[in-house]
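Visitor: Let me give you the structure first, and then I'll get to my questions.
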Amino acid sequence: MIASQRPLVTAGTLLGIGLGGVVDGILFHQILQLHNMLTAIVPKDTIVHVEINMFWDGIFHTITWIMTVLGVIFLFRAGQRRDVVSSNKTFVGALTLGWGLFNFIEGGINHHILGLHHVVERLGLSVFDWLFLASGAVLIAVGWLAIQADAKHHAAASRAGNSSHPDRIS
Amino acid sequence: MARRQVTMLLLPLGALLWATTAMGCPFCHTETGIAVRAGIFDVQFPSRLVAVLSPFPLLLLVVVALHTGWTPNALGTRIRAGVKKCGARLR
């Protein structure tokens, strides 16, 4: 990654984490209703338990909302800087990286280590949890490779245009 | 007659609004609300809060690493440089 990509990568990663959390909440918690935040320890068998899970869903999604807002702030600040590359590839790569990080870390900690909930709660820790984890790893790899490919492109372009360009691969 | 029909229409609506399930929010003063509140703010509240929020410090750590340049490539370069330095000292 080159130095001039970093502000955009930070913004995109934060947005990817936040939006990944929102996708998880909308798809798995609300539309499919396969699980909620604490369904492995507070099963959704009564209205009281459903509402307790709904509360913890809200706490979790408050933080994903904060991550999204932070992403927007960082993106706005990056947009005001002349030394930051304005690249769709870097931004989409960072979004993908952020989404992957969310799936991998949330899946790893909440599904596998702490066992707060599982993708399909009825099955417990199942193949779907491993697929969720794998989707995170794949998204991280795809996002990181896109950022690195764009870094090489921009570094080569800056070398061709200006040999004393401050960009350096780190 | 019309008044009776209006009453008959409004009665189920009232029942729907005042049903226990519709008043089960964590801060409602109903039987369900009290049970929900008790289930949330019990002795396990702090540990559940920590557990639910536990992925975020790690996610933020990764973002900080990306922002400050502590990427896998940079880390690899630093490790390789360290190993070279140690090797040179040993020789």
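Order determines the names: the first chain of the structure tokens is A, the second B, and so forth; residues in each chain are numbered 1 upward, and ligands are numbered 1 upward as they are shown.
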Using only C-alpha atoms, which chain A residues lie at most 6 Å away from chain B, written as a PyMOL selection string?
Guide: chain A and resi 6+10+48+52+106+170
Visitor: Residues of the last selection are to be written out with C-alpha atoms, as a compact mmCIF listing (two decimals), in the first residue's frame.
Guide:
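Output file selection.txt follows:
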```txt
# COMPACT_ATOMS: atom_id res chain seq x y z
CA ARG A 6 -3.97 5.17 3.41
CA THR A 10 -9.02 3.78 6.39
CA VAL A 48 -39.49 -11.85 26.54
CA ILE A 52 -33.95 -9.40 25.14
CA GLU A 106 -17.25 -11.21 14.32
CA SER A 170 4.91 -0.12 2.56
```
Visitor: Contacts of Phe91 of chain A at 10 Å or less, counting only C-alpha atoms, minus same-chain residues fewer than 4 places along, as JSON, numbers by chain?
Guide: {"A": [5, 7, 8, 9, 10, 11, 12, 13, 15, 16, 75, 85, 86, 87, 95, 96, 97, 143, 146, 147, 150]}
Visitor: So which residues touch Val42 of chain A within 9 Å, counting only C-alpha atoms, skipping near sequence neighbours fewer than 6 positions away, as a PDB file with N, CA and C atoms, in the first residue's frame?
Guide:
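The resulting result.pdb:
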```pdb
ATOM      1  N   HIS A  49     -37.803 -13.363  25.644  1.00  0.00           N
ATOM      2  CA  HIS A  49     -36.472 -13.711  25.128  1.00  0.00           C
ATOM      3  C   HIS A  49     -36.211 -13.049  23.773  1.00  0.00           C
ATOM      4  N   VAL A  50     -37.255 -12.971  22.935  1.00  0.00           N
ATOM      5  CA  VAL A  50     -37.104 -12.295  21.627  1.00  0.00           C
ATOM      6  C   VAL A  50     -36.726 -10.834  21.859  1.00  0.00           C
ATOM      7  N   ILE A  52     -35.304  -9.510  24.556  1.00  0.00           N
ATOM      8  CA  ILE A  52     -33.955  -9.400  25.143  1.00  0.00           C
ATOM      9  C   ILE A  52     -32.919  -9.475  24.015  1.00  0.00           C
ATOM     10  N   ASN A  53     -33.118 -10.412  23.083  1.00  0.00           N
ATOM     11  CA  ASN A  53     -32.211 -10.527  21.934  1.00  0.00           C
ATOM     12  C   ASN A  53     -32.245  -9.265  21.077  1.00  0.00           C
ATOM     13  N   LEU A 116     -21.881 -16.963  21.181  1.00  0.00           N
ATOM     14  CA  LEU A 116     -23.062 -16.165  21.530  1.00  0.00           C
ATOM     15  C   LEU A 116     -24.238 -16.502  20.620  1.00  0.00           C
TER      16      LEU A 116
END
```
Visitor: How would you write, as a ChimeraX atom specification, the set of residues in segment 13-168 of chain A that DSSP gives as alpha helix (DSSP H)?
Guide: /A:13-24,47-79,88-106,127-161
Visitor: Contacts of Ile66 of chain A at 10 Å or less, counting only C-alpha atoms, minus same-chain residues fewer than 5 places along, as a ChimeraX atom specification?
Guide: /A:14-15,18,61,71-72
Visitor: Write out as an NGL selection string each polymer residue whose atoms come within 8 Å of Gly21 of chain A, counting only C-alpha atoms; drop sequence neighbours fewer than 4 positions from it.
Guide: :A and (17 or 25 or 61 or 64 or 99 or 102)
Visitor: Expressed in Å to a single decimal, how great is the separation between atom CA of Asn36 of chain A and atom CA of Trp56 of chain A?
Guide: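 Going from atom CA of Asn36 of chain A over to atom CA of Trp56 of chain A, I get 8.2 Å.
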Visitor: May I ask for the distance between atom CA of Phe132 of chain A and atom CA of His35 of chain A, given in Å to one decimal place?
Guide: 13.5 Å
Visitor: Could you tell me how far atom CA of Val120 of chain A lies from atom CA of Leu34 of chain A, in Å and to one decimal?
Guide: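 According to the coordinates, atom CA of Val120 of chain A and atom CA of Leu34 of chain A are separated by 5.2 Å.
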